[in-house]
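S.K.: Here it is, the structure in full.
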Amino acid sequence: PVVFFNQNNQYAISVPITRQMKSKTIAQKALAYDIPGIRIDGNDIFAVYFETQQALERARNGRGPTLIEAVTWRYGAHTTSDDPSKYRDQEESKRRRETTDPIKRMERFMQREGWWDEKWANQVQEEVSMEIEQAVAEMERYPKANPADMFDYVFAQPTWTITEQRNAYFQWKRGIEG
């Protein structure tokens, strides 16, 4: 069982999706594989939750895969070397953060329904911050990864290209370590 969840932030690194592909949506690509495909508002927590639950139930019950396209917006850079201000309007990102950010949308919804309590929100924020700090501390105590693993466990028997890449990496590493 599988659910293909595509987080469509509307850019392929720095290229708008409209220039990356000719189809209007990613969800419509499901037709080519004869599986259900759905396009949802990826900033709507309820839509994401309910559609994902439905797709998971479908998969778990043996009714096949589903492709979910969750349309969202990437606020920051794609990588550390990316500068989104060169290819998209930063005012648009600022406006979207205020109007469509999922966390802010949920907060406004809870306020409208009378479910929001500032004291509770601060308590949750404090608990989550502590949980994150604990997780980071735990990961920092974890043994460092062995770089050889990324070459040694790709295939049962390494291909010549993997062996070549492995040798080149370790030669480079010996060079920088002196």
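Every chain in the structure tokens has a letter given in the order shown (A, B, ...), and although residue numbers restart at 1 in each chain, ligands are simply numbered from 1 in the order shown.
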Would you give me, as a list in words, the residues in range 55-152 of chain A that DSSP reads as strand (DSSP E)?
M.R.: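 Residues meeting the strand (DSSP E) criterion: Thr66, Leu67, Ile68, Glu69, Ala70 and Val71 of chain A.
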S.K.: Write a file of the just-selected residues containing N, CA, C and O atoms, as a PDB file, in the first residue's frame.
M.R.:
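Result file follows (again_21.pdb):
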```pdb
ATOM      1  N   THR A  66      -2.942   6.238  -4.093  1.00  0.00           N
ATOM      2  CA  THR A  66      -3.555   7.537  -4.370  1.00  0.00           C
ATOM      3  C   THR A  66      -2.438   8.553  -4.508  1.00  0.00           C
ATOM      4  O   THR A  66      -1.436   8.474  -3.801  1.00  0.00           O
ATOM      5  N   LEU A  67      -2.621   9.505  -5.404  1.00  0.00           N
ATOM      6  CA  LEU A  67      -1.700  10.630  -5.527  1.00  0.00           C
ATOM      7  C   LEU A  67      -2.397  11.867  -4.979  1.00  0.00           C
ATOM      8  O   LEU A  67      -3.480  12.242  -5.440  1.00  0.00           O
ATOM      9  N   ILE A  68      -1.783  12.476  -3.981  1.00  0.00           N
ATOM     10  CA  ILE A  68      -2.304  13.720  -3.406  1.00  0.00           C
ATOM     11  C   ILE A  68      -1.344  14.840  -3.772  1.00  0.00           C
ATOM     12  O   ILE A  68      -0.155  14.754  -3.489  1.00  0.00           O
ATOM     13  N   GLU A  69      -1.865  15.876  -4.392  1.00  0.00           N
ATOM     14  CA  GLU A  69      -1.081  17.083  -4.656  1.00  0.00           C
ATOM     15  C   GLU A  69      -1.556  18.155  -3.680  1.00  0.00           C
ATOM     16  O   GLU A  69      -2.689  18.614  -3.764  1.00  0.00           O
ATOM     17  N   ALA A  70      -0.695  18.524  -2.758  1.00  0.00           N
ATOM     18  CA  ALA A  70      -1.018  19.552  -1.765  1.00  0.00           C
ATOM     19  C   ALA A  70      -0.337  20.849  -2.190  1.00  0.00           C
ATOM     20  O   ALA A  70       0.881  20.985  -2.091  1.00  0.00           O
ATOM     21  N   VAL A  71      -1.125  21.777  -2.684  1.00  0.00           N
ATOM     22  CA  VAL A  71      -0.584  23.035  -3.192  1.00  0.00           C
ATOM     23  C   VAL A  71      -0.316  23.971  -2.018  1.00  0.00           C
ATOM     24  O   VAL A  71      -1.209  24.250  -1.220  1.00  0.00           O
TER      25      VAL A  71
END
```
S.K.: With only C-alpha atoms as the counted atoms, please give the residues lying no more than 10 Å from Ile45 in chain A, apart from itself and same-chain residues fewer than 2 positions off, as a PyMOL selection string.
M.R.: chain A and resi 41-43+47-50+101-103+105-106
S.K.: With DSSP run on the backbone, what are the helix (DSSP H, G or I) residues within chain A? I'd like them as a PyMOL selection string.
M.R.: chain A and resi 17-20+27-33+45-60+84-86+90-100+102-113+118-141+149-152+160-177
S.K.: Which residue out of A:Ala137, A:Val2, A:Thr79, A:Ala30 has the minimum interatomic distance to Ala55 in chain A when only C-alpha atoms are used?
M.R.: A:Val2
S.K.: I want to know what sits within 12 Å of range 83-87 of chain A, based on only C-alpha atoms, with residues of the same chain fewer than 2 positions away left out; could you give that as number ranges by chain?
M.R.: A: 11-16, 74-81, 89-94
S.K.: Got a sec: who's within 10 Å of Phe151 in chain A, counting only C-alpha atoms, leaving out chain neighbours fewer than 2 positions off, as JSON, numbers by chain?
M.R.: {"A": [147, 148, 149, 153, 154, 155, 158, 159, 162, 163, 164, 165, 166, 167, 169]}
S.K.: Distance CA of Arg96 in chain A-CA of Trp73 in chain A, one decimal place?
M.R.: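 Interatomic distance here is 7.8 Å.
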S.K.: Please indicate the distance in Å from CA of Val124 in chain A to CA of Lys104 in chain A, rounded to one decimal place.
M.R.: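 The value is 15.0 Å.
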